[in-house]
Structure formats: C-alpha cells, structure tokens
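Shown next: target.pdb, containing PDB, C-alpha atoms and all ligand atoms.
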```pdb
ATOM      1  CA  MET P   1       2.731  -0.956 -39.249
ATOM      2  CA  THR P   2       3.093  -0.806 -35.457
ATOM      3  CA  ASP P   3       3.686   2.029 -33.005
ATOM      4  CA  PRO P   4       5.498   1.265 -29.728
ATOM      5  CA  ARG P   5       4.719   4.616 -28.057
ATOM      6  CA  PRO P   6       2.650   4.425 -24.867
ATOM      7  CA  ILE P   7      -1.038   5.161 -24.339
ATOM      8  CA  GLY P   8      -1.621   8.060 -21.909
ATOM      9  CA  VAL P   9      -4.305   7.413 -19.314
ATOM     10  CA  PHE P  10      -5.492  10.346 -17.228
ATOM     11  CA  ASP P  11      -7.588  10.600 -14.080
ATOM     12  CA  SER P  12      -7.971  13.050 -11.235
ATOM     13  CA  GLY P  13      -6.560  10.357  -8.925
ATOM     14  CA  VAL P  14      -6.490   6.608  -8.396
ATOM     15  CA  GLY P  15     -10.020   5.795  -9.586
ATOM     16  CA  GLY P  16      -8.938   5.674 -13.243
ATOM     17  CA  LEU P  17      -6.885   2.596 -12.415
ATOM     18  CA  THR P  18     -10.197   0.718 -12.852
ATOM     19  CA  VAL P  19     -10.007   1.775 -16.514
ATOM     20  CA  LEU P  20      -6.259   1.062 -16.749
ATOM     21  CA  ARG P  21      -6.913  -2.457 -15.447
ATOM     22  CA  GLU P  22      -9.315  -3.123 -18.335
ATOM     23  CA  ILE P  23      -6.899  -1.578 -20.863
ATOM     24  CA  LEU P  24      -4.104  -3.914 -19.704
ATOM     25  CA  ARG P  25      -6.490  -6.867 -19.970
ATOM     26  CA  ARG P  26      -7.843  -5.935 -23.417
ATOM     27  CA  THR P  27      -4.614  -4.708 -25.069
ATOM     28  CA  PRO P  28      -1.742  -6.422 -23.195
ATOM     29  CA  ASP P  29       0.927  -5.436 -25.722
ATOM     30  CA  GLU P  30       0.344  -1.713 -25.216
ATOM     31  CA  SER P  31       2.665   0.362 -23.031
ATOM     32  CA  THR P  32       0.953   2.868 -20.757
ATOM     33  CA  ILE P  33       1.687   6.027 -18.795
ATOM     34  CA  TYR P  34      -0.981   6.702 -16.173
ATOM     35  CA  PHE P  35      -1.231  10.179 -14.691
ATOM     36  CA  GLY P  36      -3.256  10.747 -11.510
ATOM     37  CA  ASP P  37      -3.673  14.343 -10.399
ATOM     38  CA  ASN P  38      -4.175  13.269  -6.775
ATOM     39  CA  ALA P  39      -2.935  16.555  -5.331
ATOM     40  CA  ARG P  40      -5.898  18.379  -6.893
ATOM     41  CA  ALA P  41      -8.547  15.645  -6.584
ATOM     42  CA  PRO P  42     -11.456  15.507  -6.312
ATOM     43  CA  TYR P  43     -12.446  17.218  -9.561
ATOM     44  CA  GLY P  44     -16.121  16.283  -9.251
ATOM     45  CA  THR P  45     -16.997  19.048  -6.814
ATOM     46  CA  ARG P  46     -15.060  21.786  -8.651
ATOM     47  CA  PRO P  47     -16.422  24.444 -11.039
ATOM     48  CA  ASP P  48     -16.301  23.550 -14.755
ATOM     49  CA  GLU P  49     -13.580  26.098 -15.565
ATOM     50  CA  GLU P  50     -11.224  24.571 -13.027
ATOM     51  CA  VAL P  51     -11.901  21.050 -14.313
ATOM     52  CA  ARG P  52     -11.051  22.276 -17.840
ATOM     53  CA  THR P  53      -7.811  23.960 -16.762
ATOM     54  CA  PHE P  54      -6.604  21.014 -14.682
ATOM     55  CA  SER P  55      -7.489  18.528 -17.431
ATOM     56  CA  VAL P  56      -5.532  20.483 -20.071
ATOM     57  CA  GLN P  57      -2.523  20.812 -17.787
ATOM     58  CA  SER P  58      -2.576  17.088 -17.009
ATOM     59  CA  ILE P  59      -2.850  16.006 -20.620
ATOM     60  CA  ASP P  60      -0.138  18.468 -21.675
ATOM     61  CA  LEU P  61       2.126  16.485 -19.352
ATOM     62  CA  LEU P  62       1.216  13.196 -21.045
ATOM     63  CA  VAL P  63       1.555  14.653 -24.544
ATOM     64  CA  GLU P  64       5.038  15.960 -23.664
ATOM     65  CA  ARG P  65       5.926  12.334 -22.922
ATOM     66  CA  ASP P  66       5.065  11.399 -26.496
ATOM     67  CA  VAL P  67       1.969   9.284 -25.951
ATOM     68  CA  LYS P  68       0.238   8.125 -29.157
ATOM     69  CA  ALA P  69      -3.323   8.407 -27.787
ATOM     70  CA  VAL P  70      -4.981   9.542 -24.573
ATOM     71  CA  VAL P  71      -7.741   7.903 -22.571
ATOM     72  CA  VAL P  72      -9.511  10.393 -20.314
ATOM     73  CA  ALA P  73     -10.504   7.875 -17.637
ATOM     74  CA  CYS P  74     -12.068  10.548 -15.432
ATOM     75  CA  ASN P  75     -15.824  10.886 -15.982
ATOM     76  CA  THR P  76     -15.876  14.446 -14.673
ATOM     77  CA  SER P  77     -13.086  15.520 -17.003
ATOM     78  CA  THR P  78     -14.689  13.709 -19.947
ATOM     79  CA  ALA P  79     -18.063  15.311 -19.194
ATOM     80  CA  ILE P  80     -16.709  18.854 -18.908
ATOM     81  CA  ALA P  81     -13.529  19.041 -20.974
ATOM     82  CA  LEU P  82     -13.488  16.409 -23.748
ATOM     83  CA  GLY P  83     -14.445  18.893 -26.482
ATOM     84  CA  ASP P  84     -11.692  21.333 -25.455
ATOM     85  CA  LEU P  85      -9.147  18.524 -25.277
ATOM     86  CA  ARG P  86     -10.018  17.239 -28.737
ATOM     87  CA  ARG P  87      -9.648  20.729 -30.179
ATOM     88  CA  ARG P  88      -6.277  21.224 -28.479
ATOM     89  CA  TYR P  89      -4.423  18.029 -29.494
ATOM     90  CA  ASP P  90      -3.864  16.316 -32.826
ATOM     91  CA  LEU P  91      -3.737  12.835 -31.341
ATOM     92  CA  PRO P  92      -6.778  10.607 -30.682
ATOM     93  CA  ILE P  93      -8.491  11.364 -27.345
ATOM     94  CA  LEU P  94     -10.975   8.862 -25.960
ATOM     95  CA  GLY P  95     -13.367   9.595 -23.091
ATOM     96  CA  VAL P  96     -15.350   7.209 -20.910
ATOM     97  CA  ILE P  97     -18.843   8.609 -21.368
ATOM     98  CA  ARG P  98     -19.742   7.408 -24.891
ATOM     99  CA  PRO P  99     -18.541   3.830 -24.250
ATOM    100  CA  GLY P 100     -20.390   3.711 -20.907
ATOM    101  CA  ALA P 101     -23.545   5.201 -22.401
ATOM    102  CA  THR P 102     -23.536   2.631 -25.208
ATOM    103  CA  SER P 103     -23.202  -0.216 -22.696
ATOM    104  CA  ALA P 104     -26.059   1.149 -20.580
ATOM    105  CA  ALA P 105     -28.357   1.609 -23.580
ATOM    106  CA  LEU P 106     -27.653  -2.003 -24.561
ATOM    107  CA  ALA P 107     -28.120  -3.307 -21.006
ATOM    108  CA  THR P 108     -31.626  -1.994 -20.360
ATOM    109  CA  ARG P 109     -34.657  -4.041 -21.340
ATOM    110  CA  ASN P 110     -37.367  -1.774 -19.920
ATOM    111  CA  ARG P 111     -35.700   1.366 -21.364
ATOM    112  CA  ARG P 112     -35.082   2.970 -17.968
ATOM    113  CA  VAL P 113     -31.485   3.690 -17.004
ATOM    114  CA  GLY P 114     -30.191   5.299 -13.812
ATOM    115  CA  VAL P 115     -26.878   7.171 -13.919
ATOM    116  CA  ILE P 116     -24.873   8.078 -10.837
ATOM    117  CA  GLY P 117     -21.795  10.302 -10.831
ATOM    118  CA  THR P 118     -20.090  13.306  -9.279
ATOM    119  CA  PRO P 119     -22.005  16.612  -9.033
ATOM    120  CA  ALA P 120     -20.052  18.030 -12.019
ATOM    121  CA  THR P 121     -20.735  14.994 -14.234
ATOM    122  CA  ILE P 122     -24.443  14.969 -13.410
ATOM    123  CA  ARG P 123     -24.711  18.763 -13.841
ATOM    124  CA  SER P 124     -23.250  18.449 -17.364
ATOM    125  CA  HIS P 125     -25.962  15.949 -18.489
ATOM    126  CA  ALA P 126     -23.258  14.356 -20.645
ATOM    127  CA  TYR P 127     -24.515  10.834 -19.888
ATOM    128  CA  PHE P 128     -28.121  11.849 -20.508
ATOM    129  CA  THR P 129     -27.206  13.214 -23.940
ATOM    130  CA  ALA P 130     -25.001  10.242 -24.852
ATOM    131  CA  ILE P 131     -27.601   7.629 -23.853
ATOM    132  CA  LYS P 132     -30.345   9.521 -25.712
ATOM    133  CA  ASP P 133     -28.086   9.652 -28.795
ATOM    134  CA  GLU P 134     -27.743   5.896 -28.555
ATOM    135  CA  ASN P 135     -31.464   5.231 -28.066
ATOM    136  CA  PRO P 136     -33.927   8.147 -27.750
ATOM    137  CA  ALA P 137     -36.559   5.812 -26.294
ATOM    138  CA  VAL P 138     -34.526   5.253 -23.126
ATOM    139  CA  GLU P 139     -35.574   7.258 -20.056
ATOM    140  CA  VAL P 140     -32.457   8.481 -18.221
ATOM    141  CA  TYR P 141     -32.569   9.266 -14.503
ATOM    142  CA  GLU P 142     -29.429  11.122 -13.393
ATOM    143  CA  HIS P 143     -28.448  11.396  -9.770
ATOM    144  CA  ALA P 144     -25.332  12.803  -8.054
ATOM    145  CA  THR P 145     -23.856  10.698  -5.257
ATOM    146  CA  PRO P 146     -21.193  12.988  -3.743
ATOM    147  CA  THR P 147     -20.571  10.808  -0.679
ATOM    148  CA  PHE P 148     -19.118   7.893  -2.679
ATOM    149  CA  VAL P 149     -15.732   9.330  -3.727
ATOM    150  CA  PRO P 150     -14.678  10.375  -0.185
ATOM    151  CA  MET P 151     -15.775   6.934   1.048
ATOM    152  CA  VAL P 152     -13.616   5.121  -1.517
ATOM    153  CA  GLU P 153     -10.681   7.487  -0.962
ATOM    154  CA  ALA P 154     -10.907   6.621   2.744
ATOM    155  CA  GLY P 155     -10.671   2.932   1.841
ATOM    156  CA  LEU P 156     -14.269   2.218   2.931
ATOM    157  CA  LEU P 157     -15.479  -0.305   0.362
ATOM    158  CA  SER P 158     -17.737  -2.635   2.357
ATOM    159  CA  GLY P 159     -19.447  -3.174   5.714
ATOM    160  CA  PRO P 160     -22.742  -2.108   7.278
ATOM    161  CA  GLU P 161     -21.943   1.619   7.372
ATOM    162  CA  VAL P 162     -20.970   1.691   3.715
ATOM    163  CA  GLU P 163     -24.109  -0.231   2.830
ATOM    164  CA  ALA P 164     -26.299   2.189   4.806
ATOM    165  CA  SER P 165     -24.685   5.137   3.109
ATOM    166  CA  VAL P 166     -25.058   3.607  -0.361
ATOM    167  CA  ARG P 167     -28.691   2.730   0.387
ATOM    168  CA  GLU P 168     -29.466   6.285   1.420
ATOM    169  CA  ALA P 169     -27.667   7.788  -1.584
ATOM    170  CA  LEU P 170     -29.445   5.521  -4.083
ATOM    171  CA  ALA P 171     -32.904   5.850  -2.552
ATOM    172  CA  PRO P 172     -34.086   8.586  -4.940
ATOM    173  CA  LEU P 173     -33.316   6.266  -7.862
ATOM    174  CA  LEU P 174     -34.495   3.013  -6.382
ATOM    175  CA  GLY P 175     -37.251   3.819  -3.953
ATOM    176  CA  GLU P 176     -39.877   6.325  -2.882
ATOM    177  CA  ARG P 177     -40.578   8.221   0.322
ATOM    178  CA  ASN P 178     -43.570   7.573   2.540
ATOM    179  CA  ALA P 179     -45.493  10.375   4.271
ATOM    180  CA  SER P 180     -42.918  10.530   7.075
ATOM    181  CA  GLY P 181     -40.103  11.027   4.585
ATOM    182  CA  GLU P 182     -38.739   7.499   4.979
ATOM    183  CA  PHE P 183     -37.794   5.599   1.856
ATOM    184  CA  ILE P 184     -39.859   2.561   0.890
ATOM    185  CA  PHE P 185     -38.149  -0.260  -1.013
ATOM    186  CA  PRO P 186     -38.623  -1.499  -3.603
ATOM    187  CA  MET P 187     -40.510   0.648  -6.088
ATOM    188  CA  PRO P 188     -43.261  -1.086  -8.099
ATOM    189  CA  ALA P 189     -41.667  -3.149 -10.854
ATOM    190  CA  SER P 190     -43.330  -1.037 -13.536
ATOM    191  CA  ALA P 191     -41.504   2.066 -12.368
ATOM    192  CA  ARG P 192     -38.052   0.607 -11.771
ATOM    193  CA  ILE P 193     -34.853   1.191 -13.676
ATOM    194  CA  ASP P 194     -33.289  -2.072 -14.814
ATOM    195  CA  ALA P 195     -29.783  -0.742 -15.498
ATOM    196  CA  LEU P 196     -27.616   1.437 -13.279
ATOM    197  CA  LEU P 197     -24.598   3.096 -14.866
ATOM    198  CA  LEU P 198     -21.652   3.780 -12.567
ATOM    199  CA  GLY P 199     -20.604   7.141 -14.064
ATOM    200  CA  CYS P 200     -17.518   7.683 -11.938
ATOM    201  CA  THR P 201     -14.112   6.001 -11.810
ATOM    202  CA  HIS P 202     -14.427   5.221  -8.097
ATOM    203  CA  TYR P 203     -17.793   3.521  -8.142
ATOM    204  CA  PRO P 204     -16.692   0.139  -9.560
ATOM    205  CA  LEU P 205     -14.821  -0.252  -6.261
ATOM    206  CA  LEU P 206     -18.217  -0.138  -4.509
ATOM    207  CA  ARG P 207     -19.789  -2.411  -7.092
ATOM    208  CA  GLU P 208     -20.618  -5.287  -4.752
ATOM    209  CA  VAL P 209     -22.382  -3.048  -2.236
ATOM    210  CA  ILE P 210     -24.178  -1.122  -4.982
ATOM    211  CA  ALA P 211     -25.325  -4.392  -6.588
ATOM    212  CA  ALA P 212     -26.549  -5.720  -3.241
ATOM    213  CA  VAL P 213     -28.492  -2.510  -2.525
ATOM    214  CA  ALA P 214     -29.905  -2.369  -6.065
ATOM    215  CA  GLY P 215     -31.028  -5.982  -5.761
ATOM    216  CA  GLU P 216     -32.088  -8.518  -8.365
ATOM    217  CA  GLY P 217     -33.083  -7.339 -11.794
ATOM    218  CA  ILE P 218     -30.865  -4.257 -12.054
ATOM    219  CA  ALA P 219     -27.801  -4.610 -14.291
ATOM    220  CA  ILE P 220     -24.796  -2.712 -12.952
ATOM    221  CA  VAL P 221     -22.859  -1.183 -15.848
ATOM    222  CA  ASP P 222     -19.562   0.682 -15.847
ATOM    223  CA  SER P 223     -17.487   2.344 -18.538
ATOM    224  CA  ALA P 224     -14.160   0.602 -18.006
ATOM    225  CA  ALA P 225     -14.502  -2.512 -20.181
ATOM    226  CA  ALA P 226     -16.349  -0.644 -22.949
ATOM    227  CA  THR P 227     -13.683   2.077 -22.987
ATOM    228  CA  ALA P 228     -10.903  -0.509 -23.281
ATOM    229  CA  SER P 229     -12.712  -2.085 -26.250
ATOM    230  CA  ALA P 230     -13.180   1.338 -27.861
ATOM    231  CA  LEU P 231      -9.453   1.981 -27.392
ATOM    232  CA  ALA P 232      -8.557  -1.314 -29.079
ATOM    233  CA  GLU P 233     -10.721  -0.326 -32.056
ATOM    234  CA  LEU P 234      -9.260   3.183 -32.153
ATOM    235  CA  LEU P 235      -5.691   1.792 -32.232
ATOM    236  CA  SER P 236      -6.592  -0.622 -34.981
ATOM    237  CA  ILE P 237      -8.351   2.005 -37.138
ATOM    238  CA  ASN P 238      -5.399   4.398 -36.793
ATOM    239  CA  ALA P 239      -2.733   1.691 -37.307
ATOM    240  CA  LEU P 240      -1.309   2.553 -33.897
ATOM    241  CA  GLU P 241      -1.088  -0.927 -32.386
ATOM    242  CA  ALA P 242       2.099  -1.796 -30.507
ATOM    243  CA  PRO P 243       4.412  -4.643 -31.476
ATOM    244  CA  ALA P 244       3.976  -7.782 -29.346
ATOM    245  CA  GLY P 245       5.852  -8.429 -26.131
ATOM    246  CA  ALA P 246       7.495  -5.086 -25.310
ATOM    247  CA  ALA P 247       4.957  -3.358 -23.031
ATOM    248  CA  THR P 248       6.165  -1.099 -20.210
ATOM    249  CA  HIS P 249       4.028   0.710 -17.625
ATOM    250  CA  LEU P 250       4.574   3.835 -15.573
ATOM    251  CA  GLN P 251       2.281   5.580 -13.103
ATOM    252  CA  LEU P 252       2.738   9.230 -12.257
ATOM    253  CA  THR P 253       0.994  11.102  -9.465
ATOM    254  CA  THR P 254       0.995  14.658  -8.164
ATOM    255  CA  GLY P 255       0.051  13.199  -4.771
ATOM    256  CA  ASP P 256       1.727  11.003  -2.221
ATOM    257  CA  VAL P 257       3.608   8.198  -4.003
ATOM    258  CA  ALA P 258       3.373   5.684  -1.147
ATOM    259  CA  ALA P 259      -0.391   6.248  -0.746
ATOM    260  CA  PHE P 260      -0.925   5.884  -4.510
ATOM    261  CA  ARG P 261       1.128   2.690  -4.611
ATOM    262  CA  SER P 262      -0.724   1.190  -1.665
ATOM    263  CA  ILE P 263      -4.175   1.793  -3.223
ATOM    264  CA  ALA P 264      -2.951   0.548  -6.611
ATOM    265  CA  GLU P 265      -1.600  -2.638  -5.053
ATOM    266  CA  ARG P 266      -4.919  -3.240  -3.280
ATOM    267  CA  MET P 267      -6.809  -2.762  -6.531
ATOM    268  CA  PHE P 268      -4.541  -4.860  -8.723
ATOM    269  CA  GLY P 269      -3.582  -7.422  -6.080
ATOM    270  CA  GLU P 270       0.058  -7.238  -7.123
ATOM    271  CA  ALA P 271       3.185  -5.137  -6.601
ATOM    272  CA  PHE P 272       3.138  -1.754  -8.281
ATOM    273  CA  PRO P 273       6.801  -0.794  -8.573
ATOM    274  CA  ASP P 274       6.739   1.888 -11.246
ATOM    275  CA  VAL P 275       5.091   4.803  -9.442
ATOM    276  CA  ALA P 276       6.812   8.193  -9.560
ATOM    277  CA  GLY P 277       5.885  11.584  -8.160
ATOM    278  CA  VAL P 278       5.379  14.727 -10.239
ATOM    279  CA  GLU P 279       5.638  18.147  -8.587
ATOM    280  CA  ILE P 280       2.364  20.023  -8.924
ATOM    281  CA  ALA P 281       4.379  23.113  -9.968
ATOM    282  CA  ALA P 282       5.522  21.133 -13.025
ATOM    283  CA  VAL P 283       1.870  20.543 -14.021
ATOM    284  CA  ALA P 284       0.169  23.814 -13.063
ATOM    285  CA  ARG P 285       2.194  26.075 -15.315
TER     286      ARG P 285
HETATM  287  N1  LIG X 301     -12.385  10.667 -11.383
HETATM  288  C1  LIG X 301     -13.616  11.311 -10.999
HETATM  289  C2  LIG X 301     -14.739  10.871 -11.947
HETATM  290  O1  LIG X 301     -14.684   9.829 -12.564
HETATM  291  C3  LIG X 301     -14.000  10.990  -9.579
HETATM  292  C4  LIG X 301     -13.086  11.608  -8.549
HETATM  293  C5  LIG X 301     -13.098  13.121  -8.589
HETATM  294  O2  LIG X 301     -14.130  13.733  -8.279
HETATM  295  O3  LIG X 301     -12.053  13.660  -8.935
HETATM  296  O4  LIG X 301     -15.707  11.587 -12.072
END
```
How does the structure come out when it is put into structure tokens?
Amino acid sequence: MTDPRPIGVFDSGVGGLTVLREILRRTPDESTIYFGDNARAPYGTRPDEEVRTFSVQSIDLLVERDVKAVVVACNTSTAIALGDLRRRYDLPILGVIRPGATSAALATRNRRVGVIGTPATIRSHAYFTAIKDENPAVEVYEHATPTFVPMVEAGLLSGPEVEASVREALAPLLGERNASGEFIFPMPASARIDALLLGCTHYPLLREVIAAVAGEGIAIVDSAAATASALAELLSINALEAPAGAATHLQLTTGDVAAFRSIAERMFGEAFPDVAGVEIAAVAR
C-alpha cells in the first residue's frame, strides 16, 4: 500500500529547510509542504505559552492541507510543544530532539556532550532529558547561544566577525576564564566535551565556523539527517510511503516571499519556484 499525500514540515522560519533538505535526500519520492512562520519568528526567545499557541496554529494549517505526517523541524517548538501536538492530532508527529539526542549519545566517546540552542530550548532541558534517556552515563552540558539566530537571519555565515562571535558564545562550553575574566583555550583534554549537538535549525548554517572554533576532536552533530531517517522508518512502519516518481513540493511562509525564496535558493543552490505567501490572519485564528 502507498500513500501519495504530502509530508508537512514546520519551522518558525527558514532554518527548518536544513531538515527539509535531508528529507528530500533520504525519501526522494515523498511530496512535501513546508510551512515557515517567518512573520512570527524567532520563537526561541518567546514564552512557552506563545510557542505552544503558534505551533498549534501552524500545524493546524498543514493538517487542513491533508498531510499524512508532520515533522516539527523547529527545535524550540519540539522542545516546548511536541506533547501538546501529539495529543491534538491523530496523525504521526515527529520532532527533531529525540533523533538529535540519539545521534549525540552515539557520537561521544568520553561521555560528555555539549548542547547549544535557543533560550527556550535550553530552558526546557528537552535535550538533556532525551540524551540521558539514551545513555544515563553521558554528562550533558546545555548552553543557550541567542546571538546565532539573528546572525544567520542577517545572512552572516562566515568571516572574522562571525568567528569572534561564535568563539565568545561557545567559550563557556569549550574553555575557562582566567583571573581577568578572559577565556583560556583549550580546556584540559580530560575536561572537554567530544561532541557538540547543534540544537537549533539555524546552526547547521554556521557549521563550518562552529567546527573551526571547536577544533579537532569534537564531533559536530545535528538533528537533520537523523530526523530524516526517523521519518523514513515512521513512514515504513505506518505503511505511508509514497509511490515512486510523483513527488511535488510547496513552501509556504507567513513572511516575505521574495526574502524566503532568496534564502532557500542560497541554501539549496537551486531555483525555488514553489514559494507562496500565507496571510498571518489565516494562521492566527
Ligand atoms: N527554529 C528555531 C529552533 O530550531 C530557531 C529560530 C527561532 O528561534 O525561531 O529552535
């Protein structure tokens, strides 16, 4: 049995396209509808109640378009709202935190994992709990890096200023302060994390800088590939796989269509014709 209906992919904005990219790679026969709530992004600095409300409204929109499953590509939304979303809808809902946590727990050798994310994601301790579930022996060091999302949104992905900013933001995870308050790099090997989980949709776009700052011996892990694999398994288990060769893709945004398309084209390196706008009044009902 096959099911040609699309997969719904939701994010607060464009960052979830990093997850969509992996989904297209892993399950190329699947149709997708991506919804980015750009008009109300960022979510990561909002109170939990608002994140819940916006997430429900966004996924209502996807469900009305008859998706067969939903991937919540937004870490903040997954961290705060996944339970509510699963109670609300009958269809399978997949978040990014469990898959990412599993990858991180498998990537560490010294059982010390660093997690970076938005303030809301870190405040929820969702990654801490998920990694501990996977392997209770792993020490999890969570750290909010609120400067990264605005940097990516502004198109700043590399260069000396970005590197300086990333270095400063990661210092509490990677280094220690001297008596004058300056950070000393690197920490003694015995105290270092050896895996750093990028717990936010936007951070894979800073991956090269983050890897350079983290240096040798720290595996950089993100949720995108693991989530796409979990989706493939979910579709197979539920007999929801699409027939071959008929995939279509649509991207919807509550924000500026031209801006969305331009970022998407930079990320995918190809034309992104199927972007349409959605009035925020149609979502926030
Ligand atoms: N999509 C969000 C996340 O993965 C990052 C952007 C935001 O704060 O809305 O946490």
Review point. Which is closer to ligand LIG 301 (chain X) than all the others in P:Ala225, P:Ala232, P:Ala211, P:Leu17, using only C-alpha atoms and all ligand atoms?
Key: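 Smallest separation from ligand LIG 301 (chain X) among the options: P:Leu17.
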Exercise for review: Enumerate as a ChimeraX atom specification the residues within 7 Å of ligand LIG 301 (chain X), counting only C-alpha atoms and all ligand atoms.
Suggested key: /P:11-13,15-16,41-45,73-77,117-118,121,149,199-202
**Study point:** Contacts of Phe10 in chain P within 7 Å, only C-alpha atoms, excl. fewer than 4 positions in-chain, as a ChimeraX atom specification
**Key:** /P:34-36,71-74
Point to revise | Which residue of P:Leu235, P:Leu173, P:Leu82, P:Ile193 approaches Arg112 in chain P most closely, using all atoms listed in the file | key: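 Once distances to Arg112 in chain P are computed over all atoms listed in the file, the minimum belongs to P:Ile193.
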Review point. Could you state the separation of CA of Gly83 in chain P and CA of Ala264 in chain P in Å, given to one decimal place?
Key: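 Result for CA of Gly83 in chain P versus CA of Ala264 in chain P: 29.4 Å, one decimal.
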Practice item. Report as a VMD selection string the full result of the PyMOL selection byres (((chain P and resi 256) around 12) and not hetatm) when it is applied to this structure. Key: chain P and resid 13 to 14 36 to 40 252 to 255 257 to 263 275 to 280
Check your understanding: What lies within 8 Å of Pro47 in chain P using only C-alpha atoms, ignoring chain neighbours under 3 positions off, as a count of residues only?
Key -> 3
Review point. From the list P:Thr2, P:Asp60, P:His125, P:Ser31, which residue is nearest Ala246 in chain P when using only C-alpha atoms?
Key: P:Ser31
Coordinates of box centre and edge lengths for range 273-284 of chain P, 3 Å on every side, axis-aligned, as JSON:
```
{"center_x": 3.5, "center_y": 11.5, "center_z": -11.1, "size_x": 12.6, "size_y": 30.6, "size_z": 11.9}
```
Practice item. To verify the selection step, state as a VMD selection string which residues the PyMOL selection byres (((chain P and resi 110) around 12) and not hetatm) yields on this input. Key: chain P and resid 104 to 109 111 to 114 137 to 140 189 to 195 217 to 219
Dump C-alpha atoms for the selected residues as a PDB file, keeping the file's coordinate frame?
```
ATOM      1  CA  ALA P 104     -26.059   1.149 -20.580  1.00  0.00           C
ATOM      2  CA  ALA P 105     -28.357   1.609 -23.580  1.00  0.00           C
ATOM      3  CA  LEU P 106     -27.653  -2.003 -24.561  1.00  0.00           C
ATOM      4  CA  ALA P 107     -28.120  -3.307 -21.006  1.00  0.00           C
ATOM      5  CA  THR P 108     -31.626  -1.994 -20.360  1.00  0.00           C
ATOM      6  CA  ARG P 109     -34.657  -4.041 -21.340  1.00  0.00           C
ATOM      7  CA  ARG P 111     -35.700   1.366 -21.364  1.00  0.00           C
ATOM      8  CA  ARG P 112     -35.082   2.970 -17.968  1.00  0.00           C
ATOM      9  CA  VAL P 113     -31.485   3.690 -17.004  1.00  0.00           C
ATOM     10  CA  GLY P 114     -30.191   5.299 -13.812  1.00  0.00           C
ATOM     11  CA  ALA P 137     -36.559   5.812 -26.294  1.00  0.00           C
ATOM     12  CA  VAL P 138     -34.526   5.253 -23.126  1.00  0.00           C
ATOM     13  CA  GLU P 139     -35.574   7.258 -20.056  1.00  0.00           C
ATOM     14  CA  VAL P 140     -32.457   8.481 -18.221  1.00  0.00           C
ATOM     15  CA  ALA P 189     -41.667  -3.149 -10.854  1.00  0.00           C
ATOM     16  CA  SER P 190     -43.330  -1.037 -13.536  1.00  0.00           C
ATOM     17  CA  ALA P 191     -41.504   2.066 -12.368  1.00  0.00           C
ATOM     18  CA  ARG P 192     -38.052   0.607 -11.771  1.00  0.00           C
ATOM     19  CA  ILE P 193     -34.853   1.191 -13.676  1.00  0.00           C
ATOM     20  CA  ASP P 194     -33.289  -2.072 -14.814  1.00  0.00           C
ATOM     21  CA  ALA P 195     -29.783  -0.742 -15.498  1.00  0.00           C
ATOM     22  CA  GLY P 217     -33.083  -7.339 -11.794  1.00  0.00           C
ATOM     23  CA  ILE P 218     -30.865  -4.257 -12.054  1.00  0.00           C
ATOM     24  CA  ALA P 219     -27.801  -4.610 -14.291  1.00  0.00           C
TER      25      ALA P 219
END
```
Review point. If you count all atoms listed in the file, which residues fall within 9 Å of Leu61 in chain P, apart from same-chain ones fewer than 5 positions away, as a list in words?
Key: Phe35, Val56, Ala282 and Val283 of chain P
Can I get the selected residues back with C-alpha atoms, as a PDB file, in the coordinates of the input?
```pdb
ATOM      1  CA  PHE P  35      -1.231  10.179 -14.691  1.00  0.00           C
ATOM      2  CA  VAL P  56      -5.532  20.483 -20.071  1.00  0.00           C
ATOM      3  CA  ALA P 282       5.522  21.133 -13.025  1.00  0.00           C
ATOM      4  CA  VAL P 283       1.870  20.543 -14.021  1.00  0.00           C
TER       5      VAL P 283
END
```
